[in-house]
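A.B. asks: Got a file for you: structure.cif, mmCIF, C-alpha atoms.
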data_final
loop_
_atom_site.group_PDB
_atom_site.id
_atom_site.type_symbol
_atom_site.label_atom_id
_atom_site.label_comp_id
_atom_site.auth_asym_id
_atom_site.auth_seq_id
_atom_site.Cartn_x
_atom_site.Cartn_y
_atom_site.Cartn_z
ATOM 1 C CA MET A 1 82.477 113.812 45.999
ATOM 2 C CA ARG A 2 84.978 116.197 44.449
ATOM 3 C CA TYR A 3 82.215 117.905 42.512
ATOM 4 C CA VAL A 4 80.165 118.463 45.658
ATOM 5 C CA ALA A 5 83.266 119.791 47.423
ATOM 6 C CA ALA A 6 83.980 122.202 44.554
ATOM 7 C CA TYR A 7 80.370 123.418 44.606
ATOM 8 C CA LEU A 8 80.543 123.958 48.369
ATOM 9 C CA LEU A 9 83.861 125.806 48.068
ATOM 10 C CA ALA A 10 82.370 128.124 45.467
ATOM 11 C CA ALA A 11 79.326 128.703 47.681
ATOM 12 C CA LEU A 12 81.510 129.383 50.725
ATOM 13 C CA GLY A 13 83.427 131.898 48.638
ATOM 14 C CA GLY A 14 80.271 133.988 48.368
ATOM 15 C CA ASN A 15 78.828 132.638 45.124
ATOM 16 C CA GLU A 16 75.231 131.737 46.001
ATOM 17 C CA SER A 17 74.674 129.971 42.702
ATOM 18 C CA PRO A 18 77.942 128.479 41.366
ATOM 19 C CA SER A 19 78.064 127.802 37.645
ATOM 20 C CA ALA A 20 79.705 124.973 35.730
ATOM 21 C CA LYS A 21 82.648 127.258 34.961
ATOM 22 C CA ASP A 22 83.121 127.966 38.675
ATOM 23 C CA ILE A 23 83.251 124.264 39.500
ATOM 24 C CA GLU A 24 85.537 123.492 36.562
ATOM 25 C CA LYS A 25 87.876 126.310 37.614
ATOM 26 C CA ILE A 26 88.122 124.995 41.179
ATOM 27 C CA LEU A 27 88.710 121.419 40.060
ATOM 28 C CA GLY A 28 91.189 122.530 37.402
ATOM 29 C CA SER A 29 93.207 124.430 40.000
ATOM 30 C CA VAL A 30 94.088 121.112 41.639
ATOM 31 C CA GLY A 31 94.681 119.230 38.393
ATOM 32 C CA ILE A 32 91.315 117.485 38.046
ATOM 33 C CA GLU A 33 89.615 117.464 34.668
ATOM 34 C CA ALA A 34 85.898 117.996 35.269
ATOM 35 C CA GLU A 35 83.357 115.786 33.539
ATOM 36 C CA ALA A 36 80.550 117.942 32.142
ATOM 37 C CA ASP A 37 77.751 115.484 32.934
ATOM 38 C CA LYS A 38 78.743 115.250 36.594
ATOM 39 C CA VAL A 39 79.058 119.023 36.887
ATOM 40 C CA LYS A 40 75.583 119.479 35.392
ATOM 41 C CA LYS A 41 74.165 116.859 37.789
ATOM 42 C CA ILE A 42 75.596 118.637 40.855
ATOM 43 C CA ILE A 43 74.354 122.018 39.699
ATOM 44 C CA SER A 44 70.869 120.704 38.945
ATOM 45 C CA GLU A 45 70.626 118.960 42.333
ATOM 46 C CA LEU A 46 72.001 121.782 44.491
ATOM 47 C CA ASN A 47 71.093 124.977 42.650
ATOM 48 C CA GLY A 48 68.666 127.130 44.605
ATOM 49 C CA LYS A 49 68.775 124.998 47.758
ATOM 50 C CA ASN A 50 69.949 126.134 51.175
ATOM 51 C CA LEU A 51 73.236 124.323 51.692
ATOM 52 C CA GLU A 52 73.172 124.661 55.476
ATOM 53 C CA GLU A 53 69.809 122.879 55.616
ATOM 54 C CA LEU A 54 71.052 120.137 53.282
ATOM 55 C CA ILE A 55 74.149 119.568 55.432
ATOM 56 C CA ALA A 56 72.066 119.458 58.616
ATOM 57 C CA ALA A 57 69.652 116.951 57.077
ATOM 58 C CA GLY A 58 72.565 114.816 55.869
ATOM 59 C CA SER A 59 74.160 114.870 59.318
ATOM 60 C CA GLU A 60 70.923 113.584 60.848
ATOM 61 C CA LYS A 61 70.837 110.742 58.340
ATOM 62 C CA LEU A 62 74.477 109.858 59.003
ATOM 63 C CA ALA A 63 73.843 109.708 62.740
ATOM 64 C CA SER A 64 71.632 106.650 62.209
ATOM 65 C CA VAL A 65 74.232 104.782 60.132
ATOM 66 C CA PRO A 66 76.185 102.159 62.075
ATOM 67 C CA SER A 67 79.847 103.071 62.149
ATOM 68 C CA GLY A 68 81.466 99.822 63.160
ATOM 69 C CA GLY A 69 82.702 99.396 66.673
ATOM 70 C CA GLY A 70 83.893 96.360 68.556
ATOM 71 C CA ALA A 71 82.526 92.863 68.587
ATOM 72 C CA ALA A 72 79.905 91.928 71.147
ATOM 73 C CA PRO A 73 81.354 90.714 74.466
ATOM 74 C CA ALA A 74 81.288 87.010 75.278
ATOM 75 C CA ALA A 75 78.256 85.646 77.138
ATOM 76 C CA GLY A 76 78.235 86.662 80.793
ATOM 77 C CA GLY A 77 80.846 89.351 80.210
ATOM 78 C CA ALA A 78 83.694 86.871 80.814
ATOM 79 C CA PRO A 79 86.747 87.270 78.626
ATOM 80 C CA ALA A 80 87.248 84.717 75.909
ATOM 81 C CA ALA A 81 89.941 82.066 76.203
ATOM 82 C CA GLY A 82 93.312 83.768 76.206
ATOM 83 C CA GLY A 83 91.540 87.025 77.138
ATOM 84 C CA SER A 84 93.437 90.125 78.144
ATOM 85 C CA ALA A 85 96.532 88.584 79.763
ATOM 86 C CA PRO A 86 98.462 88.078 76.492
ATOM 87 C CA ALA A 87 97.516 91.562 75.341
ATOM 88 C CA ALA A 88 98.912 93.066 78.555
ATOM 89 C CA GLU A 89 102.156 91.124 78.106
ATOM 90 C CA GLU A 90 102.483 92.388 74.530
ATOM 91 C CA LYS A 91 102.048 95.992 75.677
ATOM 92 C CA LYS A 92 104.746 95.571 78.320
ATOM 93 C CA GLU A 93 107.125 94.155 75.729
ATOM 94 C CA GLU A 94 106.405 97.067 73.353
ATOM 95 C CA GLU A 95 107.039 99.596 76.116
ATOM 96 C CA LYS A 96 110.273 97.870 77.045
ATOM 97 C CA SER A 97 111.508 97.856 73.450
ATOM 98 C CA GLU A 98 110.675 101.558 73.047
ATOM 99 C CA SER A 99 112.611 102.543 76.163
ATOM 100 C CA GLU A 100 115.563 100.389 75.098
ATOM 101 C CA SER A 101 115.690 102.089 71.711
ATOM 102 C CA ASP A 102 116.560 105.419 73.367
ATOM 103 C CA ASP A 103 119.375 103.761 75.319
ATOM 104 C CA ASP A 104 120.808 102.269 72.158
ATOM 105 C CA MET A 105 121.460 105.722 70.714
ATOM 106 C CA GLY A 106 123.477 106.824 73.710
ATOM 107 C CA PHE A 107 121.266 109.745 74.703
ATOM 108 C CA GLY A 108 117.766 110.401 75.950
ATOM 109 C CA LEU A 109 115.353 113.237 75.464
ATOM 110 C CA PHE A 110 116.460 115.160 78.549
ATOM 111 C CA ASP A 111 120.179 114.213 78.700
#
Can the structure from this file be put into structure tokens for me?

C.D. replies:
Amino acid sequence: MRYVAAYLLAALGGNESPSAKDIEKILGSVGIEAEADKVKKIISELNGKNLEELIAAGSEKLASVPSGGGAAPAAGGAPAAGGSAPAAEEKKEEEKSESESDDDMGFGLFD
């Protein structure tokens, strides 16, 4: 990924066709030693292509990738045993402990 990022940085800097030296210079500026085979691979894959079109096509592909999310709700939409009541109690306890911590110091935000 760092090689792609270096290529894109060079291209954003106005270099329409970044060379291996350009990529190595960018990576070297942040203390990364570039591997020649990976630099050559990036240049061969991206050289002469419109980067904006490649990014747009990649974004479309990423839109179809599942990105996690919550578990499916229980059947009938009813909460599972021990549903949200314990969670609400935990939140109240956290809020109480946060407000007490200000009192312990002897001053509040607006005192």

A.B. asks: Would you work out the distance separating atom CA of Lys38 of chain A from atom CA of Lys21 of chain A, expressed in Å to one decimal?

C.D. replies: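 Those two atoms sit 12.7 Å apart.
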
A.B. asks: So that I can see what lies close to Lys25 of chain A, please list as a compact mmCIF listing (two decimals) with C-alpha atoms, in the frame of the given file the residues with an atom at most 12 Å from it, counting only C-alpha atoms and leaving out residues fewer than 4 positions away in the same chain.

C.D. replies:
# COMPACT_ATOMS: atom_id res chain seq x y z
CA TYR A 3 82.22 117.90 42.51
CA ALA A 6 83.98 122.20 44.55
CA TYR A 7 80.37 123.42 44.61
CA LEU A 9 83.86 125.81 48.07
CA ALA A 10 82.37 128.12 45.47
CA PRO A 18 77.94 128.48 41.37
CA SER A 19 78.06 127.80 37.65
CA ALA A 20 79.70 124.97 35.73
CA LYS A 21 82.65 127.26 34.96
CA SER A 29 93.21 124.43 40.00
CA VAL A 30 94.09 121.11 41.64
CA GLY A 31 94.68 119.23 38.39
CA ILE A 32 91.32 117.48 38.05
CA GLU A 33 89.62 117.46 34.67
CA ALA A 34 85.90 118.00 35.27
CA VAL A 39 79.06 119.02 36.89

A.B. asks: When you draw a straight line from atom CA of Gly14 of chain A to atom CA of Leu62 of chain A, how long is it in Å?

C.D. replies: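 Between these atoms lies a distance of 27.0 Å.
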
A.B. asks: What's around segment 49-61 of chain A at 10 Å? Count only C-alpha atoms, leave out sequence neighbours fewer than 2 positions away in its own chain, and write the answer as JSON, numbers by chain.

C.D. replies: {"A": [8, 11, 12, 16, 17, 45, 46, 47, 63, 64, 65]}

A.B. asks: Between A:Leu27, A:Asn15, A:Gly68, A:Val4, which has the minimum distance to Ile43 of chain A (counting all atoms listed in the file)?

C.D. replies: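 Among the listed residues, A:Val4 lies closest to Ile43 of chain A.
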
A.B. asks: Measure the distance from atom CA of Lys40 of chain A to atom CA of Ile23 of chain A in Å and round it to one decimal.

C.D. replies: 9.9 Å

A.B. asks: Let me make sure I understand: among A:Gly28, A:Ser67, A:Gly13, A:Met1, which one has the smallest atom-to-atom distance to Ile42 of chain A if we use all atoms listed in the file?

C.D. replies: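 Using all atoms listed in the file, the shortest distance to Ile42 of chain A belongs to A:Met1.
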